[in-house]
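To start, the structure itself, in structure tokens.
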Amino acid sequence: MIMNLTRSRLAAATASALLFAGAPAAYATLTDDRPREATPTVRGAAYVETRLFFGTERPDGGPAVTDGQFMDFVDRKVTPAFPDGLTVQGGRGQWRDGNGIIERERSYELILLYPVGRARAADPSIERVRDAYEREFAQESVARLDEPTHADF
């Protein structure tokens, strides 16, 4: 009986020693300061960002589209279709025209943001804006770029 009690105490002491020896390693794992991959914070709701690129030089050699003419076009054709907001930026661009000539010109970038759920409804309005600019200012094309994004207002 004494032998069993001694063995039991010895076993308990050994188990305790092993637990105590292993504890620092376990805690080190929990408090490890090694850098970890950051999880990106995504804010806002799912939106679509559409960017339209408008050239200003006329292929027929006519006068370039002025700031006033462009902003008048935005007021008449874009704002009614997208009254929630938009951004216009000026720029310089180049592209190869239908004749293979590289054209360099002053340009405008129009940025629209709208909820993903409105993308199907927004598409025809965007295409009407592109078509109207091409007709009104004798342009070969208006470039369009659509990207998914998140927006928070």
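Each chain in the structure tokens gets a letter, A, B and so on, in the order shown; residues start at 1 in every chain, and ligands are counted from 1 in the order they appear.
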I'd like the neighbourhood of A:Ala45 as a list in words, where a residue qualifies if any of its atoms comes within 8 Å (using only C-alpha atoms), though same-chain residues fewer than 6 positions away should be ignored.
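Non-adjacent residues within range: Pro115, His150, Ala151 and Asp152 of chain A.
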Who sits within 10 Å of A:Glu109, only C-alpha atoms, same chain under 4 positions skipped, as a list in words:
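Close residues of A:Glu109: Arg51, Leu52, Phe53, Phe54, Gly55, Thr87, Val88, Gln89, Gly90, Gly91, Arg92, Ala143 and Arg144 of chain A.
All residues within stretch 34-103 of chain A that the backbone DSSP calculation assigns to strand (DSSP E) are Ala45, Ala46, Tyr47, Val48, Glu49, Thr50, Arg51, Leu52, Phe53, Phe54, Gly55, Thr87, Val88, Gln89, Gly90, Gly91, Arg92, Gly93, Gln94, Trp95, Arg96, Ile102 and Glu103 of chain A.
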Mind giving me the straight-line distance from atom CA of A:Thr66 to atom CA of A:Glu136 in Å, one decimal?
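Computed distance, atom CA of A:Thr66 to atom CA of A:Glu136, equals 12.9 Å.
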From A:Ala132, A:Ile126, A:Leu110, A:Leu145, residue lying nearest A:Met71 [only C-alpha atoms]:
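Distance minimum relative to A:Met71 lands on A:Leu110.
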Need to verify the contact set: A:Gly61, 12 Å, only C-alpha atoms, exclusion of same-chain residues closer than 3 positions in sequence. Can you return it as a list in words?
Thr56, Glu57, Arg58, Ala64, Val65, Phe137, Ala138 and Gln139 of chain A
For each of A:Val116, A:Ala46, A:Ala38, A:Ala122, take the minimum atom-to-atom distance to A:Pro83, counting only C-alpha atoms, then give the residue where this is smallest.
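Result for the nearest residue to A:Pro83: A:Ala122.
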So that I can check the surroundings of A:Trp95, please list as a PyMOL selection string every protein, DNA and RNA residue that reaches within 8 Å of it, counting only C-alpha atoms and ignoring chain neighbours fewer than 4 positions away.
chain A and resi 102-104
What separation in Å, quoted to one decimal, exists between atom CA of A:Thr79 and atom CA of A:Glu140?
22.8 Å
